[in-house]
>>> print(open('run06.pdb').read())   # PDB, C-alpha atoms and all ligand atoms
ATOM      1  CA  MET A 845     -16.709   4.305 -19.154  1.00  0.00           C
ATOM      2  CA  ASP A 846     -13.294   5.109 -20.593  1.00  0.00           C
ATOM      3  CA  ARG A 847     -13.874   8.822 -20.225  1.00  0.00           C
ATOM      4  CA  ASN A 848     -15.343   8.422 -16.743  1.00  0.00           C
ATOM      5  CA  ILE A 849     -12.340   6.605 -15.394  1.00  0.00           C
ATOM      6  CA  THR A 850      -9.819   9.084 -16.727  1.00  0.00           C
ATOM      7  CA  ASN A 851     -11.983  11.990 -15.551  1.00  0.00           C
ATOM      8  CA  ASN A 852     -12.220  10.476 -12.113  1.00  0.00           C
ATOM      9  CA  ILE A 853      -8.469   9.969 -12.006  1.00  0.00           C
ATOM     10  CA  ASN A 854      -8.003  13.626 -12.939  1.00  0.00           C
ATOM     11  CA  GLU A 855     -10.357  14.692 -10.162  1.00  0.00           C
ATOM     12  CA  ILE A 856      -8.342  12.690  -7.628  1.00  0.00           C
ATOM     13  CA  LYS A 857      -5.126  14.201  -8.958  1.00  0.00           C
ATOM     14  CA  LYS A 858      -6.601  17.642  -8.402  1.00  0.00           C
ATOM     15  CA  ARG A 859      -7.453  16.717  -4.825  1.00  0.00           C
ATOM     16  CA  ILE A 860      -3.909  15.427  -4.315  1.00  0.00           C
ATOM     17  CA  ALA A 861      -2.430  18.598  -5.824  1.00  0.00           C
ATOM     18  CA  SER A 862      -4.487  20.934  -3.702  1.00  0.00           C
ATOM     19  CA  ALA A 863      -3.807  18.947  -0.519  1.00  0.00           C
ATOM     20  CA  CYS A 864      -0.082  19.140  -1.301  1.00  0.00           C
ATOM     21  CA  LYS A 865      -0.278  22.849  -1.930  1.00  0.00           C
ATOM     22  CA  LYS A 866      -2.119  23.419   1.324  1.00  0.00           C
ATOM     23  CA  CYS A 867       0.681  21.876   3.381  1.00  0.00           C
ATOM     24  CA  GLY A 868       3.616  23.113   1.314  1.00  0.00           C
ATOM     25  CA  ARG A 869       4.468  19.858  -0.397  1.00  0.00           C
ATOM     26  CA  THR A 870       5.174  19.369  -4.058  1.00  0.00           C
ATOM     27  CA  GLU A 871       2.565  17.582  -6.103  1.00  0.00           C
ATOM     28  CA  ASP A 872       4.988  14.886  -7.212  1.00  0.00           C
ATOM     29  CA  SER A 873       5.770  13.923  -3.618  1.00  0.00           C
ATOM     30  CA  VAL A 874       2.568  11.851  -3.532  1.00  0.00           C
ATOM     31  CA  ARG A 875       1.877   8.926  -5.825  1.00  0.00           C
ATOM     32  CA  LEU A 876      -1.554   7.591  -6.615  1.00  0.00           C
ATOM     33  CA  LEU A 877      -2.067   3.859  -6.189  1.00  0.00           C
ATOM     34  CA  LEU A 878      -5.216   2.516  -7.781  1.00  0.00           C
ATOM     35  CA  ALA A 879      -6.908   0.041  -5.451  1.00  0.00           C
ATOM     36  CA  THR A 880      -8.528  -2.175  -8.061  1.00  0.00           C
ATOM     37  CA  LYS A 881     -10.240  -4.944  -6.097  1.00  0.00           C
ATOM     38  CA  THR A 882     -13.391  -6.091  -7.987  1.00  0.00           C
ATOM     39  CA  VAL A 883     -12.443  -3.878 -10.970  1.00  0.00           C
ATOM     40  CA  SER A 884     -12.268  -5.698 -14.317  1.00  0.00           C
ATOM     41  CA  PRO A 885      -8.943  -6.106 -16.113  1.00  0.00           C
ATOM     42  CA  GLU A 886     -10.357  -4.166 -19.082  1.00  0.00           C
ATOM     43  CA  ILE A 887     -10.945  -1.129 -16.903  1.00  0.00           C
ATOM     44  CA  ILE A 888      -7.566  -1.480 -15.210  1.00  0.00           C
ATOM     45  CA  ARG A 889      -5.985  -1.593 -18.666  1.00  0.00           C
ATOM     46  CA  ILE A 890      -7.609   1.733 -19.533  1.00  0.00           C
ATOM     47  CA  ALA A 891      -6.240   3.274 -16.355  1.00  0.00           C
ATOM     48  CA  ILE A 892      -2.729   1.962 -16.993  1.00  0.00           C
ATOM     49  CA  ASN A 893      -2.805   3.129 -20.595  1.00  0.00           C
ATOM     50  CA  SER A 894      -3.864   6.568 -19.415  1.00  0.00           C
ATOM     51  CA  GLY A 895      -0.590   6.753 -17.466  1.00  0.00           C
ATOM     52  CA  GLU A 896      -1.243   5.161 -14.077  1.00  0.00           C
ATOM     53  CA  LYS A 897       1.612   2.861 -13.176  1.00  0.00           C
ATOM     54  CA  LEU A 898       0.823   1.806  -9.616  1.00  0.00           C
ATOM     55  CA  ILE A 899      -1.868  -0.800  -9.008  1.00  0.00           C
ATOM     56  CA  GLY A 900      -2.793  -2.549  -5.760  1.00  0.00           C
ATOM     57  CA  GLU A 901      -4.837  -5.690  -5.170  1.00  0.00           C
ATOM     58  CA  ASN A 902      -6.100  -7.335  -1.985  1.00  0.00           C
ATOM     59  CA  LYS A 903      -6.811 -10.944  -2.819  1.00  0.00           C
ATOM     60  CA  VAL A 904      -4.124 -13.290  -4.101  1.00  0.00           C
ATOM     61  CA  GLN A 905      -6.254 -15.164  -6.585  1.00  0.00           C
ATOM     62  CA  GLU A 906      -7.729 -12.004  -8.052  1.00  0.00           C
ATOM     63  CA  PHE A 907      -4.269 -10.447  -8.127  1.00  0.00           C
ATOM     64  CA  THR A 908      -2.652 -13.281 -10.074  1.00  0.00           C
ATOM     65  CA  ALA A 909      -5.563 -13.760 -12.471  1.00  0.00           C
ATOM     66  CA  LYS A 910      -5.649 -10.085 -13.435  1.00  0.00           C
ATOM     67  CA  SER A 911      -1.869  -9.747 -13.501  1.00  0.00           C
ATOM     68  CA  ALA A 912      -1.721 -12.601 -16.015  1.00  0.00           C
ATOM     69  CA  LEU A 913      -4.227 -10.843 -18.257  1.00  0.00           C
ATOM     70  CA  LEU A 914      -2.293  -7.583 -18.001  1.00  0.00           C
ATOM     71  CA  SER A 915       1.171  -9.089 -18.237  1.00  0.00           C
ATOM     72  CA  ASP A 916       1.879  -7.264 -21.510  1.00  0.00           C
ATOM     73  CA  LEU A 917       1.731  -3.937 -19.632  1.00  0.00           C
ATOM     74  CA  GLU A 918       4.418  -2.366 -17.535  1.00  0.00           C
ATOM     75  CA  TYR A 919       3.262  -1.194 -14.119  1.00  0.00           C
ATOM     76  CA  GLU A 920       4.051  -1.667 -10.447  1.00  0.00           C
ATOM     77  CA  ARG A 921       2.056  -4.429  -8.810  1.00  0.00           C
ATOM     78  CA  HIS A 922       1.545  -3.920  -5.109  1.00  0.00           C
ATOM     79  CA  PHE A 923      -0.169  -6.370  -2.834  1.00  0.00           C
ATOM     80  CA  ILE A 924      -2.231  -4.500  -0.234  1.00  0.00           C
ATOM     81  CA  GLY A 925      -4.387  -7.196   1.362  1.00  0.00           C
ATOM     82  CA  HIS A 926      -3.980  -9.610   4.233  1.00  0.00           C
ATOM     83  CA  LEU A 927      -1.522 -12.261   3.065  1.00  0.00           C
ATOM     84  CA  GLN A 928      -1.764 -15.853   4.246  1.00  0.00           C
ATOM     85  CA  THR A 929       1.532 -17.701   4.250  1.00  0.00           C
ATOM     86  CA  ASN A 930       0.172 -20.534   2.091  1.00  0.00           C
ATOM     87  CA  LYS A 931      -0.328 -17.987  -0.730  1.00  0.00           C
ATOM     88  CA  ILE A 932       3.226 -16.651  -0.760  1.00  0.00           C
ATOM     89  CA  LYS A 933       4.403 -18.674  -3.724  1.00  0.00           C
ATOM     90  CA  GLU A 934       1.388 -17.615  -5.738  1.00  0.00           C
ATOM     91  CA  VAL A 935       1.629 -13.902  -4.963  1.00  0.00           C
ATOM     92  CA  LEU A 936       5.341 -13.851  -5.809  1.00  0.00           C
ATOM     93  CA  LYS A 937       4.627 -14.705  -9.437  1.00  0.00           C
ATOM     94  CA  TYR A 938       3.732 -11.120 -10.236  1.00  0.00           C
ATOM     95  CA  VAL A 939       4.192  -8.889  -7.231  1.00  0.00           C
ATOM     96  CA  SER A 940       6.656  -6.001  -7.159  1.00  0.00           C
ATOM     97  CA  CYS A 941       5.977  -4.957  -3.561  1.00  0.00           C
ATOM     98  CA  ILE A 942       4.072  -6.415  -0.619  1.00  0.00           C
ATOM     99  CA  GLU A 943       2.747  -3.571   1.513  1.00  0.00           C
ATOM    100  CA  THR A 944       1.261  -5.766   4.209  1.00  0.00           C
ATOM    101  CA  VAL A 945       4.090  -7.466   6.061  1.00  0.00           C
ATOM    102  CA  ASP A 946       2.774  -7.449   9.619  1.00  0.00           C
ATOM    103  CA  ARG A 947       3.998 -10.552  11.441  1.00  0.00           C
ATOM    104  CA  MET A 948       7.147 -12.614  11.946  1.00  0.00           C
ATOM    105  CA  ASP A 949       5.701 -15.794  10.562  1.00  0.00           C
ATOM    106  CA  LEU A 950       4.922 -14.067   7.271  1.00  0.00           C
ATOM    107  CA  ALA A 951       8.284 -12.266   7.075  1.00  0.00           C
ATOM    108  CA  ASN A 952      10.104 -15.485   7.802  1.00  0.00           C
ATOM    109  CA  LYS A 953       8.314 -17.613   5.220  1.00  0.00           C
ATOM    110  CA  LEU A 954       8.417 -14.857   2.648  1.00  0.00           C
ATOM    111  CA  ASN A 955      12.166 -14.557   3.061  1.00  0.00           C
ATOM    112  CA  SER A 956      12.652 -18.327   2.774  1.00  0.00           C
ATOM    113  CA  ARG A 957      10.725 -18.480  -0.474  1.00  0.00           C
ATOM    114  CA  LEU A 958      12.587 -15.472  -1.889  1.00  0.00           C
ATOM    115  CA  GLU A 959      15.847 -17.133  -0.978  1.00  0.00           C
ATOM    116  CA  ILE A 960      14.864 -20.146  -3.069  1.00  0.00           C
ATOM    117  CA  GLU A 961      13.908 -17.864  -5.953  1.00  0.00           C
ATOM    118  CA  GLU A 962      17.122 -15.908  -5.464  1.00  0.00           C
ATOM    119  CA  ARG A 963      15.458 -12.542  -5.388  1.00  0.00           C
ATOM    120  CA  VAL A 964      14.996  -9.587  -3.089  1.00  0.00           C
ATOM    121  CA  LEU A 965      11.539  -8.089  -2.681  1.00  0.00           C
ATOM    122  CA  ASP A 966      10.437  -4.596  -1.671  1.00  0.00           C
ATOM    123  CA  ILE A 967       8.139  -4.663   1.315  1.00  0.00           C
ATOM    124  CA  PHE A 968       6.305  -2.217   3.563  1.00  0.00           C
ATOM    125  CA  ILE A 969       5.639  -2.815   7.221  1.00  0.00           C
ATOM    126  CA  GLN A 970       1.904  -2.657   7.889  1.00  0.00           C
ATOM    127  CA  VAL A 971       1.025  -1.068  11.217  1.00  0.00           C
ATOM    128  CA  ASN A 972      -2.388  -1.104  12.855  1.00  0.00           C
ATOM    129  CA  THR A 973      -2.337   2.571  13.738  1.00  0.00           C
ATOM    130  CA  SER A 974      -6.100   2.812  14.187  1.00  0.00           C
ATOM    131  CA  LEU A 975      -5.740   0.399  17.120  1.00  0.00           C
ATOM    132  CA  GLU A 976      -8.848  -1.459  15.988  1.00  0.00           C
ATOM    133  CA  GLY A 977      -8.617  -5.083  17.020  1.00  0.00           C
ATOM    134  CA  THR A 978     -10.155  -6.357  13.807  1.00  0.00           C
ATOM    135  CA  LYS A 979      -7.527  -4.863  11.529  1.00  0.00           C
ATOM    136  CA  SER A 980      -4.355  -6.370  10.164  1.00  0.00           C
ATOM    137  CA  GLY A 981      -1.049  -4.735  10.981  1.00  0.00           C
ATOM    138  CA  ILE A 982       1.466  -4.930  13.767  1.00  0.00           C
ATOM    139  CA  ASP A 983       0.624  -3.035  16.975  1.00  0.00           C
ATOM    140  CA  PRO A 984       2.296   0.399  17.030  1.00  0.00           C
ATOM    141  CA  ASP A 985       3.908  -0.567  20.357  1.00  0.00           C
ATOM    142  CA  LYS A 986       5.586  -3.536  18.757  1.00  0.00           C
ATOM    143  CA  ALA A 987       6.408  -1.950  15.416  1.00  0.00           C
ATOM    144  CA  LEU A 988       9.979  -0.883  16.186  1.00  0.00           C
ATOM    145  CA  SER A 989      11.088  -4.220  17.576  1.00  0.00           C
ATOM    146  CA  PHE A 990       9.371  -5.916  14.633  1.00  0.00           C
ATOM    147  CA  ILE A 991      11.229  -3.729  12.136  1.00  0.00           C
ATOM    148  CA  ASP A 992      14.445  -4.440  13.997  1.00  0.00           C
ATOM    149  CA  LYS A 993      13.963  -8.155  13.282  1.00  0.00           C
ATOM    150  CA  VAL A 994      12.553  -7.897   9.764  1.00  0.00           C
ATOM    151  CA  LYS A 995      15.489  -5.802   8.605  1.00  0.00           C
ATOM    152  CA  LEU A 996      17.739  -8.798   9.212  1.00  0.00           C
ATOM    153  CA  PHE A 997      16.084 -10.846   6.471  1.00  0.00           C
ATOM    154  CA  PRO A 998      18.431 -10.484   3.512  1.00  0.00           C
ATOM    155  CA  ASN A 999      15.746 -11.038   0.868  1.00  0.00           C
ATOM    156  CA  LEU A1000      13.313  -8.437   2.216  1.00  0.00           C
ATOM    157  CA  LYS A1001      13.959  -4.780   1.527  1.00  0.00           C
ATOM    158  CA  ILE A1002      11.994  -2.447   3.784  1.00  0.00           C
ATOM    159  CA  LYS A1003      10.850   0.437   1.593  1.00  0.00           C
ATOM    160  CA  GLY A1004       8.180   1.953   3.747  1.00  0.00           C
ATOM    161  CA  PHE A1005       5.169   1.702   5.971  1.00  0.00           C
ATOM    162  CA  MET A1006       1.505   1.158   5.348  1.00  0.00           C
ATOM    163  CA  THR A1007      -1.642   1.610   7.361  1.00  0.00           C
ATOM    164  CA  ILE A1008      -5.366   1.418   6.899  1.00  0.00           C
ATOM    165  CA  GLY A1009      -6.603   4.523   8.657  1.00  0.00           C
ATOM    166  CA  LEU A1010      -9.374   4.721  11.150  1.00  0.00           C
ATOM    167  CA  PHE A1011     -12.776   4.542   9.488  1.00  0.00           C
ATOM    168  CA  SER A1012     -14.625   7.316  11.277  1.00  0.00           C
ATOM    169  CA  ASP A1013     -16.182  10.766  10.965  1.00  0.00           C
ATOM    170  CA  ASP A1014     -13.930  11.911  13.781  1.00  0.00           C
ATOM    171  CA  THR A1015     -11.282  13.617  11.676  1.00  0.00           C
ATOM    172  CA  ILE A1016      -9.021  14.213  14.664  1.00  0.00           C
ATOM    173  CA  ALA A1017      -8.907  10.499  15.381  1.00  0.00           C
ATOM    174  CA  VAL A1018      -8.395   9.718  11.681  1.00  0.00           C
ATOM    175  CA  ARG A1019      -5.504  12.178  11.568  1.00  0.00           C
ATOM    176  CA  ARG A1020      -3.986  10.557  14.639  1.00  0.00           C
ATOM    177  CA  SER A1021      -4.069   7.159  12.924  1.00  0.00           C
ATOM    178  CA  TYR A1022      -1.935   8.671  10.152  1.00  0.00           C
ATOM    179  CA  SER A1023       0.430  10.746  12.276  1.00  0.00           C
ATOM    180  CA  ARG A1024       1.202   7.568  14.227  1.00  0.00           C
ATOM    181  CA  LEU A1025       2.621   5.945  11.097  1.00  0.00           C
ATOM    182  CA  ARG A1026       4.778   8.981  10.383  1.00  0.00           C
ATOM    183  CA  GLU A1027       6.072   8.928  13.966  1.00  0.00           C
ATOM    184  CA  ILE A1028       6.994   5.273  13.695  1.00  0.00           C
ATOM    185  CA  ARG A1029       9.007   6.043  10.568  1.00  0.00           C
ATOM    186  CA  GLU A1030      10.734   8.944  12.346  1.00  0.00           C
ATOM    187  CA  LYS A1031      11.497   6.849  15.432  1.00  0.00           C
ATOM    188  CA  ALA A1032      12.869   3.965  13.365  1.00  0.00           C
ATOM    189  CA  ILE A1033      15.384   6.342  11.813  1.00  0.00           C
ATOM    190  CA  GLU A1034      16.098   8.304  14.995  1.00  0.00           C
ATOM    191  CA  GLU A1035      16.809   5.156  16.957  1.00  0.00           C
ATOM    192  CA  LYS A1036      18.901   3.833  14.073  1.00  0.00           C
ATOM    193  CA  ILE A1037      16.725   0.804  13.628  1.00  0.00           C
ATOM    194  CA  LEU A1038      16.653   1.726   9.943  1.00  0.00           C
ATOM    195  CA  PRO A1039      19.338   3.642   8.075  1.00  0.00           C
ATOM    196  CA  SER A1040      18.311   7.184   7.243  1.00  0.00           C
ATOM    197  CA  GLY A1041      16.891   7.593   3.792  1.00  0.00           C
ATOM    198  CA  PHE A1042      13.564   7.736   2.033  1.00  0.00           C
ATOM    199  CA  TYR A1043      10.746   5.541   3.284  1.00  0.00           C
ATOM    200  CA  GLU A1044       7.259   5.551   1.820  1.00  0.00           C
ATOM    201  CA  LEU A1045       4.133   6.129   3.850  1.00  0.00           C
ATOM    202  CA  SER A1046       1.226   4.371   2.147  1.00  0.00           C
ATOM    203  CA  MET A1047      -1.886   5.814   3.748  1.00  0.00           C
ATOM    204  CA  GLY A1048      -5.118   7.572   2.849  1.00  0.00           C
ATOM    205  CA  MET A1049      -8.045   6.447   0.706  1.00  0.00           C
ATOM    206  CA  SER A1050     -10.949   8.032  -1.194  1.00  0.00           C
ATOM    207  CA  ASP A1051     -12.518   9.749   1.801  1.00  0.00           C
ATOM    208  CA  ASP A1052      -9.505  10.944   3.735  1.00  0.00           C
ATOM    209  CA  LEU A1053      -6.546  11.326   1.394  1.00  0.00           C
ATOM    210  CA  GLU A1054      -6.200  15.037   2.227  1.00  0.00           C
ATOM    211  CA  ILE A1055      -5.630  14.259   5.898  1.00  0.00           C
ATOM    212  CA  ALA A1056      -3.149  11.516   5.029  1.00  0.00           C
ATOM    213  CA  ILE A1057      -1.204  13.854   2.731  1.00  0.00           C
ATOM    214  CA  GLU A1058      -1.038  16.513   5.437  1.00  0.00           C
ATOM    215  CA  GLU A1059       0.422  13.845   7.721  1.00  0.00           C
ATOM    216  CA  GLY A1060       3.058  12.856   5.169  1.00  0.00           C
ATOM    217  CA  ALA A1061       1.584  10.180   2.890  1.00  0.00           C
ATOM    218  CA  THR A1062       3.768   9.433  -0.127  1.00  0.00           C
ATOM    219  CA  ILE A1063       1.283   6.948  -1.607  1.00  0.00           C
ATOM    220  CA  VAL A1064      -2.486   7.292  -1.384  1.00  0.00           C
ATOM    221  CA  ARG A1065      -4.582   4.254  -2.274  1.00  0.00           C
ATOM    222  CA  VAL A1066      -7.797   5.123  -4.040  1.00  0.00           C
ATOM    223  CA  GLY A1067     -10.541   2.821  -5.277  1.00  0.00           C
ATOM    224  CA  SER A1068     -14.188   3.789  -5.099  1.00  0.00           C
ATOM    225  CA  SER A1069     -13.765   7.478  -6.003  1.00  0.00           C
ATOM    226  CA  ILE A1070     -12.321   6.372  -9.318  1.00  0.00           C
ATOM    227  CA  PHE A1071     -14.063   3.102 -10.122  1.00  0.00           C
ATOM    228  CA  GLY A1072     -17.375   3.638  -8.359  1.00  0.00           C
ATOM    229  CA  GLU A1073     -18.864   1.616  -5.559  1.00  0.00           C
ATOM    230  CA  ARG A1074     -17.566  -1.930  -5.452  1.00  0.00           C
ATOM    231  CA  VAL A1075     -19.805  -4.793  -6.403  1.00  0.00           C
ATOM    232  CA  TYR A1076     -18.823  -8.045  -4.716  1.00  0.00           C
ATOM    233  CA  ASN A1077     -19.968 -11.333  -6.192  1.00  0.00           C
TER     234      ASN A1077
HETATM  235  C1  LIG B1101     -10.065  -0.886  -1.068  1.00  0.00           C
HETATM  236  C2  LIG B1101      -8.853  -0.370  -0.456  1.00  0.00           C
HETATM  237  C3  LIG B1101      -8.465   0.957  -0.599  1.00  0.00           C
HETATM  238  C4  LIG B1101      -9.274   1.984  -1.371  1.00  0.00           C
HETATM  239  O1  LIG B1101     -10.415   2.332  -0.644  1.00  0.00           O
HETATM  240  P1  LIG B1101     -11.479   3.353  -1.270  1.00  0.00           P
HETATM  241  O2  LIG B1101     -12.223   3.833  -0.079  1.00  0.00           O
HETATM  242  O3  LIG B1101     -12.318   2.570  -2.205  1.00  0.00           O
HETATM  243  O4  LIG B1101     -10.736   4.422  -1.949  1.00  0.00           O
HETATM  244  C5  LIG B1101      -7.269   1.345  -0.027  1.00  0.00           C
HETATM  245  N1  LIG B1101      -6.506   0.493   0.678  1.00  0.00           N
HETATM  246  C6  LIG B1101      -6.846  -0.789   0.858  1.00  0.00           C
HETATM  247  C7  LIG B1101      -5.961  -1.675   1.644  1.00  0.00           C
HETATM  248  C8  LIG B1101      -8.038  -1.252   0.307  1.00  0.00           C
HETATM  249  O5  LIG B1101      -8.378  -2.530   0.508  1.00  0.00           O
END
>>> encode(input="run06.pdb", output="structure tokens")
Amino acid sequence: MDRNITNNINEIKKRIASACKKCGRTEDSVRLLLATKTVSPEIIRIAINSGEKLIGENKVQEFTAKSALLSDLEYERHFIGHLQTNKIKEVLKYVSCIETVDRMDLANKLNSRLEIEERVLDIFIQVNTSLEGTKSGIDPDKALSFIDKVKLFPNLKIKGFMTIGLFSDDTIAVRRSYSRLREIREKAIEEKILPSGFYELSMGMSDDLEIAIEEGATIVRVGSSIFGERVYN
């Protein structure tokens, strides 16, 4: 198992490197986030010890339970799932970045709690760039005005943008769901909604990370290609 995981990580790194090369980007301009939902803490530990320092979880309870078991290790803990406001306190115990801030209610309550804890948290704005009604994320049409309000919360630091791409064989439509996120980042800077600077684009998964990288991803989130098919209990 040990060897499998590290081999699989190396394979993904090769895919990242060749995608970067193809579009004239440097290999280190894209970071790999391991999407570890349903993966055991023992396996995650192996991945972290092999040098991976960016881990993402989707469910608050699973996130806190595993984070507690891995609290002796140093790594970045991103939350990448839909976050209910009644779980804010819980998720804040371990999280280093919440990638899925997608509504005012959440931003507001998150900021209030952070104020009490006297800390500032890195966040990404999640945008529903695939335009699928079932997905989390703010509508692309409303993203800029949303960012304009979220930036006013003193305890939230906007570090980037996140999207779950379109799940489809239509690669043109998938690409569009990623270019939309890049355009929102560009517009936010152009229209001076955000100060110019570096903002992450967290997009691309096992099946489509090459497309996401070509469209500017700075973080790709990979699960099944590394850990195998997920088994849900
Ligand atoms: C599970 C998950 C991923 C990884 O998906 P794979 O297809 O397994 O690589 C990426 N992002 C989010 C938000 C996820 O929930």
>>> residues_near_ligand(input="run06.pdb", ligand="ligand LIG 1101 (chain B)", cutoff="7 Å", atoms="only C-alpha atoms and all ligand atoms", output="list of chain:residue names")
A:Ala879, A:Lys881, A:Asn902, A:Ile924, A:Gly925, A:Ile1008, A:Met1049, A:Ser1050, A:Asp1051, A:Arg1065, A:Val1066, A:Gly1067, A:Ser1068, A:Ser1069
>>> write_last_selection(input="run06.pdb", atoms="C-alpha atoms", output="CSV table (one decimal), in the coordinates of the input")
chain,number,residue,atom,x,y,z
A,879,ALA,CA,-6.9,0.0,-5.5
A,881,LYS,CA,-10.2,-4.9,-6.1
A,902,ASN,CA,-6.1,-7.3,-2.0
A,924,ILE,CA,-2.2,-4.5,-0.2
A,925,GLY,CA,-4.4,-7.2,1.4
A,1008,ILE,CA,-5.4,1.4,6.9
A,1049,MET,CA,-8.0,6.4,0.7
A,1050,SER,CA,-10.9,8.0,-1.2
A,1051,ASP,CA,-12.5,9.7,1.8
A,1065,ARG,CA,-4.6,4.3,-2.3
A,1066,VAL,CA,-7.8,5.1,-4.0
A,1067,GLY,CA,-10.5,2.8,-5.3
A,1068,SER,CA,-14.2,3.8,-5.1
A,1069,SER,CA,-13.8,7.5,-6.0
>>> closest_residue(input="run06.pdb", among="A:Phe1042, A:Tyr1022, A:Ile982, A:Asn854", to="Glu1054 of chain A", atoms="all atoms listed in the file")
A:Tyr1022
>>> residues_around(input="run06.pdb", residues="segment 856-858 of chain A", least_positions_apart="6", cutoff="10 Å", atoms="only C-alpha atoms", output="PyMOL selection string")
chain A and resi 850+864+871+874-876+1050+1053+1066+1069-1070
>>> residues_around(input="run06.pdb", residues="Lys995 of chain A", least_positions_apart="5", cutoff="10 Å", atoms="only C-alpha atoms", output="list of chain:residue names")
A:Ala951, A:Phe990, A:Leu1000, A:Lys1001, A:Ile1002, A:Ile1037, A:Leu1038
>>> atom_distance(input="run06.pdb", atom1="atom CA of Met1006 of chain A", atom2="atom CA of Ser884 of chain A")
25.0 Å
>>> resolve_selection(input="run06.pdb", expression="the PyMOL selection byres (((chain A and resi 1028-1033) around 9) and not hetatm)", output="list in words")
Pro984, Ala987, Leu988, Ile991, Asp992, Gly1004, Phe1005, Ser1023, Arg1024, Leu1025, Arg1026, Glu1027, Glu1034, Glu1035, Lys1036, Ile1037, Leu1038, Pro1039, Ser1040, Gly1041, Tyr1043, Glu1044 and Leu1045 of chain A
>>> atom_distance(input="run06.pdb", atom1="atom CA of Arg957 of chain A", atom2="atom CA of Gly981 of chain A")
21.4 Å
>>> residues_near_point(input="run06.pdb", point="(6.2, -3.5, -5.6)", cutoff="9 Å", atoms="all atoms listed in the file", output="ChimeraX atom specification")
/A:898,920-923,939-943,965-967
>>> write_last_selection(input="run06.pdb", atoms="C-alpha atoms", output="mmCIF file, in the frame of the given file")
data_model
loop_
_atom_site.group_PDB
_atom_site.id
_atom_site.type_symbol
_atom_site.label_atom_id
_atom_site.label_comp_id
_atom_site.auth_asym_id
_atom_site.auth_seq_id
_atom_site.Cartn_x
_atom_site.Cartn_y
_atom_site.Cartn_z
ATOM 1 C CA LEU A 898 0.823 1.806 -9.616
ATOM 2 C CA GLU A 920 4.051 -1.667 -10.447
ATOM 3 C CA ARG A 921 2.056 -4.429 -8.810
ATOM 4 C CA HIS A 922 1.545 -3.920 -5.109
ATOM 5 C CA PHE A 923 -0.169 -6.370 -2.834
ATOM 6 C CA VAL A 939 4.192 -8.889 -7.231
ATOM 7 C CA SER A 940 6.656 -6.001 -7.159
ATOM 8 C CA CYS A 941 5.977 -4.957 -3.561
ATOM 9 C CA ILE A 942 4.072 -6.415 -0.619
ATOM 10 C CA GLU A 943 2.747 -3.571 1.513
ATOM 11 C CA LEU A 965 11.539 -8.089 -2.681
ATOM 12 C CA ASP A 966 10.437 -4.596 -1.671
ATOM 13 C CA ILE A 967 8.139 -4.663 1.315
#
>>> resolve_selection(input="run06.pdb", expression="the PyMOL selection byres (((chain A and resi 1011) around 10) and not hetatm)", output="ChimeraX atom specification")
/A:974,976,1008-1010,1012-1015,1017-1018,1021,1051-1052
